[in-house]
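Worksheet: the structure to be examined is printed underneath.
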Amino acid sequence: MTAMAKVTEEQALVERFRRGDDSAFDRIVERHSAEVAALANRLLGWPGDVDDVVQEVFVAAWVGLKKFRGECRLRTWLFTITVNKCRSHRFRRLRRLRPVTTADVEAMESRDRSGDKAAMDQETFARVRRAVQMLPRKYREIIALRYMQGLEAEEICGLLKIRPNAMQVRLNRARKRLKEQLGDLLEEES
Amino acid sequence: MNEDQIKRLLIEADATAAEPGFSPMTGAGIRSQLRRKRLVRVAVPTTAAAAVTVAAALAALWAASMRTGSPPPQPQRIASPEEQVRQLQMQTETTLKLVRDVLEKDWRERHLASLEAELASIPDPLKEIGRQVDKTAFILVYQADKLYKELNQTESAVRAYKEVIQLFPTNQWADVARERLSQIEQRQINQSGKGVSKCEPRNV
């Protein structure tokens, strides 16, 4: 299906929902819930269970869909809600948790250095994920959206409401920080 | 270090993370949630207001009976606030009963919806097998890449790539394995042209 056909079908679904056809919303959920869950999982640091956030996103979508003006794609609009919900969810969760100390990080790193080869690969990837999690919010979001979710630059700018220059700057800084954290892994690869 | 390296590392880290778990949702489930929220928004202040009114009326009655020096209350004048309190209590009880009924009904609906969702969440076995096959093929290719690029074990890597092609011939990772094999062959041809042994591993 071409992008244009998809957009037209999405508009038709939104229009059907506005007219009171609830099954159109089921179709929207069916089509986008996996992507929304994947994005929430990445933004929240791969916790696995993202049921609450996905529910919050679609409840907000249900309430707001009647006001959706179609200025962007439905997927982008849902991703915007997801980013906002993940921010508040993370904030709520952080308030309940104690802050990560240097000792915790050292303990994580010492775990990274132990174990056999297969476990080491898993630990390496876990280390990469932790490095992404430890990035400041604006860098973490841009990394998740650009490299893991695979969104286009234009879509990210619309979603985060930033200019292309700002997006590029954030991306460069995020990469620089990751390089500082994971420099040894990247050197090994090269 | 370049963007591609970071991108690859991030994608691999993401691919090996836990799959996001969420229960399927329906429009009916969302409507039920919204109804519940609305009910709580309406019922809580109503009940609280009724309770406050009853408490205030009781306090006023008690204050009136405790007041010293005042003429003894007339039976007719006392009966009126008592009647009011009784009415308010009845109203509160009716409201509470209504809230309880609605909550119970809502709980039953939610329970039914969660059972339906549980039923719907049982994964399609074919899709699940396809996903597992995809994941296995990816891991094999990834391990073969490691053998070839990092450990310089070209022969083991070639065996692993061939295994992927043999086990999952139609999978996307089999295409990747074919591409890698052709690259290795090409490299070996080039090296043999320059007089280098075929088995010599690639220098990284």
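Ligands are numbered from 1 in the order shown, residues from 1 within each chain, and chains are lettered A, B, ... in the order they appear in the structure tokens.
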For this session: Could you give me, as a list in words, the residues within 9 Å of segment 55-58 of chain B, counting only C-alpha atoms and dropping anything in the same chain fewer than 2 positions from it?
Result: Ala50, Ala51, Val52, Thr53, Ala60, Leu61, Trp62, Ala63, Pro81, Glu82, Gln84 and Val85 of chain B
Just-selected residues, N, CA and C atoms written as an mmCIF file, in the first residue's frame:
data_model
loop_
_atom_site.group_PDB
_atom_site.id
_atom_site.type_symbol
_atom_site.label_atom_id
_atom_site.label_comp_id
_atom_site.auth_asym_id
_atom_site.auth_seq_id
_atom_site.Cartn_x
_atom_site.Cartn_y
_atom_site.Cartn_z
ATOM 1 N N ALA B 50 -22.764 15.358 50.585
ATOM 2 C CA ALA B 50 -23.868 14.843 51.408
ATOM 3 C C ALA B 50 -23.377 14.565 52.825
ATOM 4 N N ALA B 51 -22.186 13.962 52.929
ATOM 5 C CA ALA B 51 -21.637 13.632 54.249
ATOM 6 C C ALA B 51 -21.382 14.900 55.062
ATOM 7 N N VAL B 52 -20.842 15.917 54.385
ATOM 8 C CA VAL B 52 -20.551 17.186 55.073
ATOM 9 C C VAL B 52 -21.852 17.820 55.565
ATOM 10 N N THR B 53 -22.916 17.780 54.712
ATOM 11 C CA THR B 53 -24.205 18.373 55.095
ATOM 12 C C THR B 53 -24.775 17.675 56.320
ATOM 13 N N ALA B 60 -25.121 21.185 64.279
ATOM 14 C CA ALA B 60 -26.031 22.285 64.618
ATOM 15 C C ALA B 60 -27.052 21.841 65.665
ATOM 16 N N LEU B 61 -27.562 20.620 65.469
ATOM 17 C CA LEU B 61 -28.538 20.067 66.400
ATOM 18 C C LEU B 61 -27.929 19.909 67.793
ATOM 19 N N TRP B 62 -26.718 19.376 67.804
ATOM 20 C CA TRP B 62 -26.037 19.156 69.077
ATOM 21 C C TRP B 62 -25.768 20.493 69.781
ATOM 22 N N ALA B 63 -25.353 21.501 68.999
ATOM 23 C CA ALA B 63 -25.069 22.825 69.560
ATOM 24 C C ALA B 63 -26.339 23.439 70.145
ATOM 25 N N PRO B 81 -35.630 19.874 62.135
ATOM 26 C CA PRO B 81 -34.252 19.509 61.766
ATOM 27 C C PRO B 81 -34.000 18.011 61.813
ATOM 28 N N GLU B 82 -34.638 17.313 62.772
ATOM 29 C CA GLU B 82 -34.448 15.859 62.833
ATOM 30 C C GLU B 82 -34.950 15.192 61.549
ATOM 31 N N GLN B 84 -35.126 16.663 58.701
ATOM 32 C CA GLN B 84 -34.190 17.025 57.630
ATOM 33 C C GLN B 84 -32.976 16.090 57.632
ATOM 34 N N VAL B 85 -32.450 15.857 58.833
ATOM 35 C CA VAL B 85 -31.287 14.967 58.946
ATOM 36 C C VAL B 85 -31.629 13.580 58.429
#
Do you have, as JSON lines, the list of residues of chain A lying at most 9 Å from chain B, each with its nearest atom pair and that distance in Å to one decimal, counting only C-alpha atoms and ordered by chain then number?
{"residue": "A:Asp22", "atom": "CA", "partner": "B:Gly27", "partner_atom": "CA", "distance": 6.0}
{"residue": "A:Ser23", "atom": "CA", "partner": "B:Gly27", "partner_atom": "CA", "distance": 7.1}
{"residue": "A:Ala24", "atom": "CA", "partner": "B:Gly27", "partner_atom": "CA", "distance": 8.7}
{"residue": "A:Phe25", "atom": "CA", "partner": "B:Gly27", "partner_atom": "CA", "distance": 6.1}
{"residue": "A:Asp26", "atom": "CA", "partner": "B:Thr26", "partner_atom": "CA", "distance": 5.4}
{"residue": "A:Arg27", "atom": "CA", "partner": "B:Thr26", "partner_atom": "CA", "distance": 8.9}
{"residue": "A:Val29", "atom": "CA", "partner": "B:Met25", "partner_atom": "CA", "distance": 7.1}
{"residue": "A:Glu30", "atom": "CA", "partner": "B:Pro24", "partner_atom": "CA", "distance": 8.1}
{"residue": "A:Ser33", "atom": "CA", "partner": "B:Pro24", "partner_atom": "CA", "distance": 8.1}
{"residue": "A:Ala34", "atom": "CA", "partner": "B:Pro20", "partner_atom": "CA", "distance": 8.4}
{"residue": "A:Ala37", "atom": "CA", "partner": "B:Pro20", "partner_atom": "CA", "distance": 6.0}
{"residue": "A:Ala38", "atom": "CA", "partner": "B:Pro20", "partner_atom": "CA", "distance": 6.0}
{"residue": "A:Ala40", "atom": "CA", "partner": "B:Pro20", "partner_atom": "CA", "distance": 8.3}
{"residue": "A:Asn41", "atom": "CA", "partner": "B:Pro20", "partner_atom": "CA", "distance": 5.8}
{"residue": "A:Arg42", "atom": "CA", "partner": "B:Asp14", "partner_atom": "CA", "distance": 7.8}
{"residue": "A:Trp46", "atom": "CA", "partner": "B:Ala17", "partner_atom": "CA", "distance": 6.7}
{"residue": "A:Pro47", "atom": "CA", "partner": "B:Ala18", "partner_atom": "CA", "distance": 7.6}
{"residue": "A:Gly48", "atom": "CA", "partner": "B:Pro20", "partner_atom": "CA", "distance": 4.5}
{"residue": "A:Asp49", "atom": "CA", "partner": "B:Gly21", "partner_atom": "CA", "distance": 4.7}
{"residue": "A:Val50", "atom": "CA", "partner": "B:Phe22", "partner_atom": "CA", "distance": 5.9}
{"residue": "A:Asp51", "atom": "CA", "partner": "B:Phe22", "partner_atom": "CA", "distance": 4.2}
{"residue": "A:Asp52", "atom": "CA", "partner": "B:Phe22", "partner_atom": "CA", "distance": 8.0}
{"residue": "A:Val54", "atom": "CA", "partner": "B:Phe22", "partner_atom": "CA", "distance": 7.2}
{"residue": "A:Gln55", "atom": "CA", "partner": "B:Met25", "partner_atom": "CA", "distance": 7.4}
{"residue": "A:Phe58", "atom": "CA", "partner": "B:Ile30", "partner_atom": "CA", "distance": 7.7}
{"residue": "A:Val59", "atom": "CA", "partner": "B:Ile30", "partner_atom": "CA", "distance": 5.9}
{"residue": "A:Trp62", "atom": "CA", "partner": "B:Ile30", "partner_atom": "CA", "distance": 7.7}
{"residue": "A:Gln122", "atom": "CA", "partner": "B:Thr16", "partner_atom": "CA", "distance": 7.6}
{"residue": "A:Thr124", "atom": "CA", "partner": "B:Ala13", "partner_atom": "CA", "distance": 8.1}
{"residue": "A:Phe125", "atom": "CA", "partner": "B:Ala13", "partner_atom": "CA", "distance": 4.5}
{"residue": "A:Ala126", "atom": "CA", "partner": "B:Ala13", "partner_atom": "CA", "distance": 6.9}
{"residue": "A:Arg127", "atom": "CA", "partner": "B:Ala13", "partner_atom": "CA", "distance": 8.6}
{"residue": "A:Val128", "atom": "CA", "partner": "B:Ala13", "partner_atom": "CA", "distance": 6.4}
{"residue": "A:Arg129", "atom": "CA", "partner": "B:Ala13", "partner_atom": "CA", "distance": 6.3}
{"residue": "A:Val132", "atom": "CA", "partner": "B:Leu10", "partner_atom": "CA", "distance": 8.7}
{"residue": "A:Ile143", "atom": "CA", "partner": "B:Leu10", "partner_atom": "CA", "distance": 8.7}
{"residue": "A:Ala144", "atom": "CA", "partner": "B:Leu10", "partner_atom": "CA", "distance": 8.8}
{"residue": "A:Tyr147", "atom": "CA", "partner": "B:Lys7", "partner_atom": "CA", "distance": 5.8}
{"residue": "A:Met148", "atom": "CA", "partner": "B:Ile11", "partner_atom": "CA", "distance": 5.8}
{"residue": "A:Arg175", "atom": "CA", "partner": "B:Ile6", "partner_atom": "CA", "distance": 7.6}
{"residue": "A:Leu178", "atom": "CA", "partner": "B:Ile6", "partner_atom": "CA", "distance": 8.2}
{"residue": "A:Lys179", "atom": "CA", "partner": "B:Met1", "partner_atom": "CA", "distance": 8.1}
{"residue": "A:Gly183", "atom": "CA", "partner": "B:Met1", "partner_atom": "CA", "distance": 8.5}
{"residue": "A:Leu185", "atom": "CA", "partner": "B:Leu9", "partner_atom": "CA", "distance": 8.9}
{"residue": "A:Leu186", "atom": "CA", "partner": "B:Met1", "partner_atom": "CA", "distance": 6.5}
{"residue": "A:Glu187", "atom": "CA", "partner": "B:Met1", "partner_atom": "CA", "distance": 7.3}
{"residue": "A:Glu188", "atom": "CA", "partner": "B:Glu150", "partner_atom": "CA", "distance": 7.9}
{"residue": "A:Glu189", "atom": "CA", "partner": "B:Glu150", "partner_atom": "CA", "distance": 7.6}
{"residue": "A:Ser190", "atom": "CA", "partner": "B:Met1", "partner_atom": "CA", "distance": 7.2}
Original post:
Counting only C-alpha atoms, what is within 8 Å of Leu39 of chain A, bar same-chain residues fewer than 4 positions away, as a list in words?
Top reply: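 These residues fall inside the cut-off: Glu35, Leu43, Phe79, Thr82, Ala144, Leu145 and Gln149 of chain A.
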Please, could you write that set of residues out with C-alpha atoms as a PDB file, in the first residue's frame?
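Result went into selection20.pdb, see below:
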ATOM      1  CA  GLU A  35       4.262   0.597  16.996  1.00  0.00           C
ATOM      2  CA  LEU A  43      11.410   5.572  25.557  1.00  0.00           C
ATOM      3  CA  PHE A  79       3.632   9.090  18.549  1.00  0.00           C
ATOM      4  CA  THR A  82       3.149   8.500  23.295  1.00  0.00           C
ATOM      5  CA  ALA A 144      14.929   6.273  20.024  1.00  0.00           C
ATOM      6  CA  LEU A 145      12.922   8.018  17.331  1.00  0.00           C
ATOM      7  CA  GLN A 149      11.918   3.705  15.471  1.00  0.00           C
TER       8      GLN A 149
END
One decimal place gives the atom CA of Thr46 of chain B-atom CA of Gln87 of chain B separation as 15.5 Å
With a distance cut-off of 8 Å and only C-alpha atoms, select the neighbouring residues of Lys85 of chain A, excluding the residue or stretch itself and same-chain residues fewer than 2 positions from it, and output the selection as a VMD selection string. chain A and resid 53 56 to 57 81 to 83 87 to 89
**Prompt:** Which value, in Å to one decimal, gives the distance between atom CA of Leu140 of chain B and atom CA of Ala160 of chain B?
**Reply:**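 These atoms are spaced 6.8 Å apart.
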Using Å and a single decimal, report how far atom CA of Phe68 of chain A sits from atom CA of Arg163 of chain A.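 Rounded to one decimal, the two atoms are 22.4 Å apart.
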request  = From the DSSP assignment of the backbone, select every residue of segment 58-174 of chain B that is helix (DSSP H, G or I), and format the answer as number ranges by chain.
outcome  = B: 58-66, 75-120, 125-149, 154-167, 172-174
Task: Neighbour list for Ala12 of chain A as a ChimeraX atom specification, cut-off 12 Å, only C-alpha atoms, skip fewer than 5 positions in-chain - done: /A:5-7,17-19,21,24-25,27-28,70,74
